[in-house]
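*Asks:* If it helps, the file is called run20.pdb and holds PDB, C-alpha atoms:
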```pdb
ATOM      1  CA  MET O 251     -53.639 -79.259-183.734
ATOM      2  CA  ASP O 252     -55.787 -81.359-186.014
ATOM      3  CA  ALA O 253     -59.428 -80.258-186.289
ATOM      4  CA  ILE O 254     -60.088 -79.853-182.559
ATOM      5  CA  SER O 255     -63.822 -79.873-181.823
ATOM      6  CA  LEU O 256     -64.835 -79.349-178.219
ATOM      7  CA  SER O 257     -67.696 -77.774-176.300
ATOM      8  CA  VAL O 258     -68.040 -76.686-172.684
ATOM      9  CA  GLU O 259     -71.527 -76.538-171.239
ATOM     10  CA  ARG O 260     -72.639 -73.672-169.028
ATOM     11  CA  GLY O 261     -71.972 -74.489-165.373
ATOM     12  CA  GLU O 262     -69.800 -77.555-165.985
ATOM     13  CA  PHE O 263     -66.206 -78.275-165.002
ATOM     14  CA  LEU O 264     -64.196 -79.555-167.962
ATOM     15  CA  ALA O 265     -60.591 -80.766-167.702
ATOM     16  CA  VAL O 266     -58.275 -81.017-170.708
ATOM     17  CA  LEU O 267     -55.692 -83.792-170.368
ATOM     18  CA  GLY O 268     -53.050 -85.008-172.775
ATOM     19  CA  PRO O 269     -49.350 -85.761-173.378
ATOM     20  CA  SER O 270     -46.778 -83.049-172.731
ATOM     21  CA  GLY O 271     -46.373 -80.711-175.670
ATOM     22  CA  CYS O 272     -49.632 -81.638-177.372
ATOM     23  CA  GLY O 273     -50.986 -78.068-177.212
ATOM     24  CA  LYS O 274     -53.249 -78.054-174.151
ATOM     25  CA  SER O 275     -52.141 -74.603-173.026
ATOM     26  CA  THR O 276     -52.280 -73.271-176.573
ATOM     27  CA  LEU O 277     -55.890 -74.430-176.826
ATOM     28  CA  LEU O 278     -56.763 -72.691-173.553
ATOM     29  CA  GLN O 279     -55.027 -69.471-174.604
ATOM     30  CA  MET O 280     -57.024 -69.441-177.825
ATOM     31  CA  ALA O 281     -60.221 -69.993-175.835
ATOM     32  CA  ALA O 282     -59.217 -66.996-173.695
ATOM     33  CA  GLY O 283     -58.633 -64.798-176.735
ATOM     34  CA  LEU O 284     -54.929 -64.520-175.900
ATOM     35  CA  LEU O 285     -53.805 -66.269-179.096
ATOM     36  CA  PRO O 286     -55.423 -66.013-182.536
ATOM     37  CA  VAL O 287     -56.797 -69.129-184.198
ATOM     38  CA  THR O 288     -55.294 -70.016-187.569
ATOM     39  CA  SER O 289     -58.436 -71.757-188.767
ATOM     40  CA  GLY O 290     -61.915 -72.425-187.470
ATOM     41  CA  THR O 291     -63.639 -70.403-184.757
ATOM     42  CA  ILE O 292     -64.042 -70.258-181.001
ATOM     43  CA  THR O 293     -67.355 -68.976-179.702
ATOM     44  CA  LEU O 294     -68.609 -67.931-176.291
ATOM     45  CA  ASN O 295     -72.337 -67.347-175.851
ATOM     46  CA  ASN O 296     -72.695 -67.488-179.653
ATOM     47  CA  GLN O 297     -70.111 -64.705-180.110
ATOM     48  CA  THR O 298     -66.819 -65.337-181.895
ATOM     49  CA  VAL O 299     -63.841 -64.912-179.564
ATOM     50  CA  THR O 300     -61.267 -62.559-181.091
ATOM     51  CA  ALA O 301     -60.045 -60.909-177.863
ATOM     52  CA  PRO O 302     -60.212 -61.717-174.142
ATOM     53  CA  PRO O 303     -63.937 -61.924-173.257
ATOM     54  CA  PRO O 304     -64.965 -59.682-170.333
ATOM     55  CA  GLU O 305     -66.837 -62.545-168.660
ATOM     56  CA  ALA O 306     -63.774 -64.822-168.597
ATOM     57  CA  VAL O 307     -60.697 -64.819-166.354
ATOM     58  CA  TYR O 308     -57.462 -66.729-166.821
ATOM     59  CA  ILE O 309     -55.421 -68.186-163.946
ATOM     60  CA  PHE O 310     -51.828 -68.897-164.911
ATOM     61  CA  GLN O 311     -49.546 -71.693-163.812
ATOM     62  CA  GLN O 312     -46.754 -69.355-162.698
ATOM     63  CA  TYR O 313     -48.349 -67.183-160.041
ATOM     64  CA  THR O 314     -44.975 -65.488-159.383
ATOM     65  CA  ARG O 315     -45.214 -63.984-162.857
ATOM     66  CA  SER O 316     -48.909 -63.116-162.747
ATOM     67  CA  LEU O 317     -48.714 -61.101-159.503
ATOM     68  CA  LEU O 318     -47.209 -57.618-159.514
ATOM     69  CA  PRO O 319     -44.374 -57.629-156.949
ATOM     70  CA  TRP O 320     -44.428 -53.857-156.399
ATOM     71  CA  ARG O 321     -48.113 -53.965-155.393
ATOM     72  CA  ASN O 322     -49.357 -55.320-152.089
ATOM     73  CA  VAL O 323     -51.930 -58.104-152.008
ATOM     74  CA  ARG O 324     -54.933 -55.768-151.873
ATOM     75  CA  ASP O 325     -53.691 -53.752-154.845
ATOM     76  CA  ASN O 326     -52.953 -56.922-156.818
ATOM     77  CA  VAL O 327     -56.577 -57.993-156.378
ATOM     78  CA  ALA O 328     -57.853 -54.479-157.102
ATOM     79  CA  PHE O 329     -55.926 -54.492-160.386
ATOM     80  CA  ALA O 330     -58.629 -56.721-161.912
ATOM     81  CA  ILE O 331     -61.328 -54.047-161.704
ATOM     82  CA  GLU O 332     -59.692 -50.655-161.161
ATOM     83  CA  HIS O 333     -59.956 -49.857-164.872
ATOM     84  CA  ARG O 334     -63.753 -50.094-164.463
ATOM     85  CA  VAL O 335     -64.424 -48.562-161.060
ATOM     86  CA  GLY O 336     -61.287 -46.581-160.200
ATOM     87  CA  ARG O 337     -58.478 -47.495-157.847
ATOM     88  CA  ARG O 338     -60.076 -46.362-154.584
ATOM     89  CA  ARG O 339     -63.287 -48.349-155.068
ATOM     90  CA  ALA O 340     -61.337 -51.323-156.400
ATOM     91  CA  ARG O 341     -59.171 -51.405-153.262
ATOM     92  CA  GLU O 342     -62.294 -51.279-151.087
ATOM     93  CA  ALA O 343     -63.824 -54.160-153.043
ATOM     94  CA  ALA O 344     -60.672 -56.310-152.806
ATOM     95  CA  ASP O 345     -61.144 -57.376-149.190
ATOM     96  CA  GLU O 346     -64.213 -59.550-149.888
ATOM     97  CA  PRO O 347     -62.550 -61.884-152.429
ATOM     98  CA  LEU O 348     -59.468 -62.025-150.185
ATOM     99  CA  ALA O 349     -61.687 -63.211-147.336
ATOM    100  CA  GLN O 350     -63.285 -65.794-149.639
ATOM    101  CA  VAL O 351     -59.895 -67.375-150.353
ATOM    102  CA  GLY O 352     -58.843 -67.352-146.694
ATOM    103  CA  LEU O 353     -56.542 -64.312-146.804
ATOM    104  CA  ARG O 354     -58.434 -61.902-144.583
ATOM    105  CA  GLY O 355     -55.895 -59.598-142.952
ATOM    106  CA  PHE O 356     -53.183 -60.104-145.585
ATOM    107  CA  GLY O 357     -54.087 -57.141-147.796
ATOM    108  CA  ASP O 358     -51.051 -55.082-146.783
ATOM    109  CA  HIS O 359     -48.564 -57.903-147.376
ATOM    110  CA  TYR O 360     -46.533 -58.162-150.570
ATOM    111  CA  PRO O 361     -46.406 -61.314-152.710
ATOM    112  CA  TRP O 362     -42.833 -62.087-151.689
ATOM    113  CA  GLN O 363     -43.968 -62.259-148.052
ATOM    114  CA  LEU O 364     -46.393 -65.114-148.790
ATOM    115  CA  SER O 365     -45.967 -68.837-149.421
ATOM    116  CA  GLY O 366     -46.531 -70.232-152.896
ATOM    117  CA  GLY O 367     -49.994 -71.498-152.004
ATOM    118  CA  MET O 368     -50.970 -68.120-150.561
ATOM    119  CA  GLN O 369     -49.719 -66.351-153.676
ATOM    120  CA  GLN O 370     -51.916 -68.581-155.826
ATOM    121  CA  ARG O 371     -54.838 -67.729-153.532
ATOM    122  CA  VAL O 372     -54.153 -64.060-154.289
ATOM    123  CA  ALA O 373     -54.329 -64.866-158.009
ATOM    124  CA  ILE O 374     -57.646 -66.651-157.440
ATOM    125  CA  ALA O 375     -58.966 -63.718-155.389
ATOM    126  CA  ARG O 376     -58.046 -61.364-158.224
ATOM    127  CA  ALA O 377     -59.979 -63.577-160.615
ATOM    128  CA  LEU O 378     -63.014 -63.514-158.295
ATOM    129  CA  ALA O 379     -62.891 -59.733-158.056
ATOM    130  CA  ALA O 380     -63.663 -59.570-161.775
ATOM    131  CA  GLU O 381     -66.908 -61.513-161.136
ATOM    132  CA  PRO O 382     -66.376 -63.930-164.029
ATOM    133  CA  ALA O 383     -68.788 -66.403-165.533
ATOM    134  CA  LEU O 384     -65.982 -68.499-167.074
ATOM    135  CA  LEU O 385     -62.841 -69.614-165.259
ATOM    136  CA  LEU O 386     -59.908 -70.703-167.455
ATOM    137  CA  MET O 387     -57.047 -72.363-165.577
ATOM    138  CA  ASP O 388     -53.669 -73.362-166.998
ATOM    139  CA  GLU O 389     -52.127 -75.927-164.609
ATOM    140  CA  PRO O 390     -52.653 -73.526-161.677
ATOM    141  CA  PHE O 391     -51.737 -76.042-158.967
ATOM    142  CA  SER O 392     -48.611 -77.618-160.444
ATOM    143  CA  ALA O 393     -46.126 -75.334-158.671
ATOM    144  CA  VAL O 394     -47.333 -75.974-155.102
ATOM    145  CA  ASP O 395     -46.777 -78.879-152.730
ATOM    146  CA  ALA O 396     -49.210 -81.811-152.495
ATOM    147  CA  LEU O 397     -51.093 -80.688-149.377
ATOM    148  CA  THR O 398     -51.439 -77.118-150.619
ATOM    149  CA  ARG O 399     -52.748 -78.519-153.899
ATOM    150  CA  LEU O 400     -55.516 -80.350-152.028
ATOM    151  CA  ASP O 401     -56.456 -77.132-150.221
ATOM    152  CA  LEU O 402     -56.605 -75.243-153.510
ATOM    153  CA  HIS O 403     -58.704 -77.993-155.090
ATOM    154  CA  ALA O 404     -61.243 -77.604-152.283
ATOM    155  CA  LEU O 405     -61.191 -73.822-152.674
ATOM    156  CA  ILE O 406     -61.755 -73.906-156.438
ATOM    157  CA  LEU O 407     -64.580 -76.446-156.162
ATOM    158  CA  ASP O 408     -66.272 -74.369-153.474
ATOM    159  CA  ILE O 409     -66.025 -71.171-155.536
ATOM    160  CA  TRP O 410     -67.136 -72.940-158.731
ATOM    161  CA  SER O 411     -70.169 -74.417-156.967
ATOM    162  CA  ARG O 412     -71.252 -71.323-155.024
ATOM    163  CA  ARG O 413     -70.840 -68.933-157.924
ATOM    164  CA  ASN O 414     -72.233 -71.323-160.544
ATOM    165  CA  LEU O 415     -69.204 -70.792-162.755
ATOM    166  CA  THR O 416     -68.175 -72.596-165.898
ATOM    167  CA  ALA O 417     -64.617 -73.909-165.554
ATOM    168  CA  MET O 418     -62.043 -75.207-168.009
ATOM    169  CA  LEU O 419     -58.839 -76.654-166.577
ATOM    170  CA  VAL O 420     -55.698 -77.693-168.435
ATOM    171  CA  THR O 421     -53.644 -80.190-166.447
ATOM    172  CA  HIS O 422     -51.107 -82.979-166.875
ATOM    173  CA  ASP O 423     -52.222 -84.547-163.573
ATOM    174  CA  VAL O 424     -54.605 -87.472-164.133
ATOM    175  CA  GLU O 425     -55.884 -87.586-160.547
ATOM    176  CA  GLU O 426     -56.470 -83.835-160.520
ATOM    177  CA  ALA O 427     -58.509 -84.013-163.717
ATOM    178  CA  ILE O 428     -60.673 -86.857-162.414
ATOM    179  CA  TYR O 429     -61.149 -85.297-158.984
ATOM    180  CA  LEU O 430     -62.209 -81.847-160.178
ATOM    181  CA  ALA O 431     -64.031 -82.345-163.451
ATOM    182  CA  ASP O 432     -67.432 -83.409-164.723
ATOM    183  CA  ARG O 433     -65.882 -84.346-168.066
ATOM    184  CA  ILE O 434     -62.326 -84.917-169.283
ATOM    185  CA  ALA O 435     -61.261 -84.119-172.841
ATOM    186  CA  LEU O 436     -58.365 -86.444-173.647
ATOM    187  CA  LEU O 437     -56.055 -85.102-176.352
ATOM    188  CA  THR O 438     -53.695 -87.113-178.535
ATOM    189  CA  ALA O 439     -50.012 -86.386-179.095
ATOM    190  CA  ARG O 440     -49.169 -83.740-181.687
ATOM    191  CA  PRO O 441     -50.848 -82.881-183.937
ATOM    192  CA  ALA O 442     -53.455 -82.915-181.198
ATOM    193  CA  ARG O 443     -57.016 -84.010-181.689
ATOM    194  CA  VAL O 444     -59.711 -84.962-179.199
ATOM    195  CA  ALA O 445     -59.347 -88.696-178.696
ATOM    196  CA  GLU O 446     -62.282 -88.966-176.322
ATOM    197  CA  VAL O 447     -64.452 -86.940-173.958
ATOM    198  CA  ILE O 448     -65.080 -88.908-170.777
ATOM    199  CA  GLU O 449     -67.788 -88.378-168.170
ATOM    200  CA  THR O 450     -66.201 -88.814-164.757
ATOM    201  CA  GLY O 451     -69.522 -89.880-163.220
ATOM    202  CA  LEU O 452     -68.354 -89.175-159.669
ATOM    203  CA  PRO O 453     -70.790 -87.851-157.060
ATOM    204  CA  ARG O 454     -70.527 -84.322-155.717
ATOM    205  CA  PRO O 455     -69.475 -82.848-153.398
ATOM    206  CA  ARG O 456     -66.034 -84.339-153.842
ATOM    207  CA  ASP O 457     -64.044 -85.508-150.831
ATOM    208  CA  PRO O 458     -60.219 -85.575-150.931
ATOM    209  CA  ILE O 459     -60.107 -89.096-149.480
ATOM    210  CA  ALA O 460     -63.436 -90.791-150.219
ATOM    211  CA  THR O 461     -63.568 -89.626-153.843
ATOM    212  CA  ARG O 462     -60.088 -90.970-154.526
ATOM    213  CA  GLU O 463     -61.132 -94.352-153.131
ATOM    214  CA  HIS O 464     -64.317 -94.512-155.215
ATOM    215  CA  PRO O 465     -64.305 -97.462-157.676
ATOM    216  CA  ARG O 466     -65.061 -95.146-160.583
ATOM    217  CA  PHE O 467     -62.103 -92.917-159.673
ATOM    218  CA  LEU O 468     -59.756 -95.901-159.555
ATOM    219  CA  GLU O 469     -61.107 -97.235-162.847
ATOM    220  CA  LEU O 470     -60.609 -93.908-164.618
ATOM    221  CA  ARG O 471     -57.140 -93.403-163.175
ATOM    222  CA  ALA O 472     -55.961 -96.808-164.388
ATOM    223  CA  ALA O 473     -57.440 -96.359-167.855
ATOM    224  CA  LEU O 474     -56.109 -92.820-168.378
ATOM    225  CA  LEU O 475     -52.641 -93.601-167.054
ATOM    226  CA  ALA O 476     -52.421 -96.660-169.289
ATOM    227  CA  ARG O 477     -53.137 -94.515-172.330
ATOM    228  CA  LEU O 478     -50.896 -91.606-171.377
ATOM    229  CA  LEU O 479     -47.929 -93.747-170.353
ATOM    230  CA  THR O 480     -47.645 -95.047-173.891
ATOM    231  CA  ARG O 481     -46.631 -91.434-174.751
ATOM    232  CA  HIS O 482     -49.258 -91.527-177.445
ATOM    233  CA  VAL O 483     -53.018 -91.411-177.024
ATOM    234  CA  ALA O 484     -54.621 -93.422-179.799
TER     235      ALA O 484
END
```
Using the file provided, produce a representation of the structure as structure tokens.
*Replies:*
Amino acid sequence: MDAISLSVERGEFLAVLGPSGCGKSTLLQMAAGLLPVTSGTITLNNQTVTAPPPEAVYIFQQYTRSLLPWRNVRDNVAFAIEHRVGRRRAREAADEPLAQVGLRGFGDHYPWQLSGGMQQRVAIARALAAEPALLLMDEPFSAVDALTRLDLHALILDIWSRRNLTAMLVTHDVEEAIYLADRIALLTARPARVAEVIETGLPRPRDPIATREHPRFLELRAALLARLLTRHVA
């Protein structure tokens, strides 16, 4: 990376978009305190990030690797907080976030008994159980089918809005970035730098059909695809 400078405002939804291999996920992992920075600093609420911040949660792309297959759904969600409140209380608290993601009644199932979209909902419920202020997402919808992706988009936007979260999403999907975000940080090819930060300017709440037909959406999609398809963002 080449002197990345980027800020995320409290309560906003920021998407990070760029060519494959430019370091989008690496940037997010550093923001999450999962990877050390080699130079410069990352701060959250004026505190330097040197380890995973307690107010942040990270949702991975590969939900099959983030869920514990030997634990049922309820215990997977409880895992987020049992170190703070104990396993019994954590299991009792797990049912509310499961209901919020539409999985009421699935607590006794195991991950392998659920569809891919349902497994990702479990991962989101586990994130909610931790009561985060910052949601960090690394291409969390890329492994599910198109219709499930739309359902998960609606779920994330609803949670982000109701809980007044700050969200940072890494994605390679131009339409996803435009649809979800307030701003899009467009990265160049390696060594990555921020080429531009773009305000999407789309009204909320977002609608899966109407928003994608909005003139501003179509304008942004054409402009971003034109830049990314050159395999180099100038």
*Asks:* Apply the PyMOL selection byres ((chain O and resi 369-378) around 7) to the displayed file and report the matching residues as a ChimeraX atom specification.
*Replies:* /O:307,309,313,317,323,326-328,330,347-348,351,361,364-368,379-382
*Asks:* What is the CA of Arg456 in chain O to CA of Leu430 in chain O distance in Å?
*Replies:*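 Computing it gives 7.8 Å between the two atoms.
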*Asks:* To one decimal place, how far is CA of Gly352 in chain O from CA of Arg412 in chain O in Å?
*Replies:*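 CA of Gly352 in chain O sits 15.5 Å away from CA of Arg412 in chain O.
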*Asks:* Name the residues in contact with range 263-279 of chain O at a cut-off of 9 Å, using only C-alpha atoms, excluding same-chain residues fewer than 4 positions from it; report them as a ChimeraX atom specification.
*Replies:* /O:251,254,258-259,283-286,308,386-389,410,415-424,426-428,430-443,478-479,481-483
*Asks:* Could you tell me which of O:Thr291, O:Tyr429, O:Thr480, O:Val447 comes closest to Thr461 in chain O if we count only C-alpha atoms?
*Replies:*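 Closest to Thr461 in chain O of all the choices is O:Tyr429.
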*Asks:* Taking into account all atoms listed in the file, which residue in the set O:Ile409, O:Ala383, O:Leu474, O:Met280 is nearest to Glu446 in chain O?
*Replies:*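 Using all atoms listed in the file, the shortest distance to Glu446 in chain O belongs to O:Leu474.
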*Asks:* Please, what distance in Å, to one decimal, runs between CA of Ala396 in chain O and CA of Pro458 in chain O?
*Replies:*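 Rounded to one decimal, the two atoms are 11.7 Å apart.
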*Asks:* Which residue out of O:Arg315, O:His333, O:Ala253, O:Gly261 has the minimum interatomic distance to Val287 in chain O when only C-alpha atoms are used?
*Replies:*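 Of O:Arg315, O:His333, O:Ala253, O:Gly261, the one nearest Val287 in chain O, counting only C-alpha atoms, is O:Ala253.
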*Asks:* Excluding same-chain residues fewer than 6 positions from Ala340 in chain O, what lies within 8 Å of it counting only C-alpha atoms, as a PyMOL selection string?
*Replies:* chain O and resi 328-329+331-332
